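See below for the structure under consideration.
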Amino acid sequence: MRLRFALLVGALLMTALQAQAADWALAIHGGAGVIERAKMDPATEASVRADLAKALEAGSAVLRAGGSALDAVEAAVITLEESPHFNAGKGAVFTWDDKHELDASIMDGRTRAAGAVAGVTRTRNPIKLARRVMEQSPHVLLAGRGADQFSRDQGLEPVPNRWFDTPHRKAQWREAVDAITAREKPGQAAALPDALRYGTVGAVARDAKGSVAAATSTGGMTAKRWGRVGDSPLIGAGTYAQDGVCAVSATGWGEYFIRANVAADICARVRYQGTPIQQAADATMADVASLGGDGGVILMPATGAPAFSFNTLGMYRGRVTASTAPRVAIYGDE
Ligand code: ASP
């Protein structure tokens, strides 16, 4: 009798857990920064929203079919890398030397396996390369020439560095180089343009089994020099995922995100303090702000709804779950 009761309770618990876990969810971002309605032309805005919706569709198609959170975040980020609107893959910002150096990272919450690349120059989709590092190498982070070589060895689609060019990034680069050059002249303190930092892409997902994953991809900061690497390819700073805890992808002023160890800090607040994820992220973002940095994060809790936290005027973002329709947003008040 007692055994039958225990079995019944067990079965009910399993059903409850499955029902909870079955609610897959996906959130994406296309960067945070000074994004103002008045400065956005309607055609560009419509095209940005369409590309965010396309990325939500690519990721949710995987999740709807019962695929893994890992496959979903990769699919969503590939779509955003292919869009010229965002600072990742095609449309990446220019370095000081008029080139592109791309960073990406991915993390599987099931095992906390992770892969990342920094300063790669010839791989069409850097997020695919990050995943290969995770799955096909004994390492977590490969950088520069060696990462390019690994991409060749893996047979990933190569493109010439110029393939990442877009006219609007070129214009931003000129503006940034001029501003930095003026600033470096004693007595002239030109402000760095806002365009220096935003447009990174990322995705976080929870699949029908309740597992989570996170992925982030970027061209970094406009006019970056000396092999500068930001937070995006650093597991813990720009990307983190752990089953039963949370998944986070960040965008913003990388130097501050590294110093605040943003993605891991949010997950640590959830894990050790039991803080609700929104509160955890708001606290970490307040910490970033206290250091002088800005940006935002997308958040996937172990159960429940995806969320966002940012301290910039806007963040390109989107979310969809098994039970709610896709929704994209740009401005802070949406
Ligand atoms: N976090 C990126 C970096 O610092 C930039 C961004 O998110 O826009 O490289």
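Naming works like this for the structure tokens: A, B, ... for the chains as they're shown, residue 1 at the start of each chain, ligands 1 onward in shown order.
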- DSSP alpha helix (DSSP H) selection over region 78-324 of chain A, as number ranges by chain: A: 78-82, 126-136, 144-154, 167-184, 254-259, 262-273, 277-291
- Can you list every residue in region 59-265 of chain A that DSSP puts in strand (DSSP E or B), as a PyMOL selection string? chain A and resi 102-108+113-120+123+141-143+158+201-206+212-218+235+239-242+246-252
- Query: Counting only C-alpha atoms, what is within 10 Å of Val117 (chain A), bar same-chain residues fewer than 5 positions away, as JSON, numbers by chain?
  - Reply: {"A": [102, 103, 104, 105, 106, 126, 127, 128, 129, 130, 131, 132, 133, 140, 141, 142, 143, 144, 146, 147, 148, 217, 232, 233, 234]}
- Nearest candidate to Trp253 (chain A) (options A:Ala237, A:Leu299, A:Ala116, A:Ile330; using only C-alpha atoms): A:Ala237
- Task: Throw together the list of residues within 7 Å of ligand 1, counting only C-alpha atoms and all ligand atoms, and drop it here as a list in words.
- Result: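 Checked against 7 Å with only C-alpha atoms and all ligand atoms; the hits are Gly31, Ala32, Arg197, Tyr198, Gly199, Thr200, Thr218, Gly219, Gly220, Met221, Val229, Gly230, Asp231, Ser232, Ala250, Thr251, Gly252, Trp253, Gly254 and Glu255 of chain A.
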- Item | region 41-47 of chain A environment, 10 Å, only C-alpha atoms, sequence neighbours closer than 4 positions dropped, as a list in words |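 Selected residues are Arg37, Asp51, Leu52, Ala53, Ser83, His85 and Ile330 of chain A.
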- Message: With distances taken over only C-alpha atoms, which residue among A:Ile266, A:Ala325, A:Ala247, A:Ala281 lies nearest Leu70 (chain A)?
- Response: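 Ranking A:Ile266, A:Ala325, A:Ala247, A:Ala281 by distance to Leu70 (chain A), first place goes to A:Ala247.
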Closest atom pairs, region 36-70 of chain A residues within 12 Å of region 210-214 of chain A, only C-alpha atoms, as CSV:
residue,atom,partner,partner_atom,distance
A:Gly59,CA,A:Ala213,CA,11.7
A:Leu63,CA,A:Gly210,CA,11.0
A:Gly66,CA,A:Gly210,CA,11.0
A:Gly67,CA,A:Ser211,CA,10.6
A:Ser68,CA,A:Ser211,CA,7.6
A:Ala69,CA,A:Ala213,CA,5.3
A:Leu70,CA,A:Ala213,CA,5.2
- Would you mind telling me which residue in A:Thr321, A:Thr166, A:Thr284, A:Thr239 lies nearest to Gly109 (chain A) when using only C-alpha atoms? A:Thr239
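For the residues A:His29, A:Lys170, A:Arg183, A:Arg317, ranking by smallest atom-to-atom distance to Thr216 (chain A) using only C-alpha atoms places A:His29 first.
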- Query: Of the candidates A:Val328, A:Val320, A:Ala182, A:Val288, which shows the shortest atom-to-atom distance to Ile258 (chain A), using only C-alpha atoms?
  - Reply: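 Of A:Val328, A:Val320, A:Ala182, A:Val288, the one nearest Ile258 (chain A), counting only C-alpha atoms, is A:Val288.
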- Closest to Arg64 (chain A) among A:Arg206, A:Arg112, A:Lys99, A:His168, using only C-alpha atoms? A:Arg206
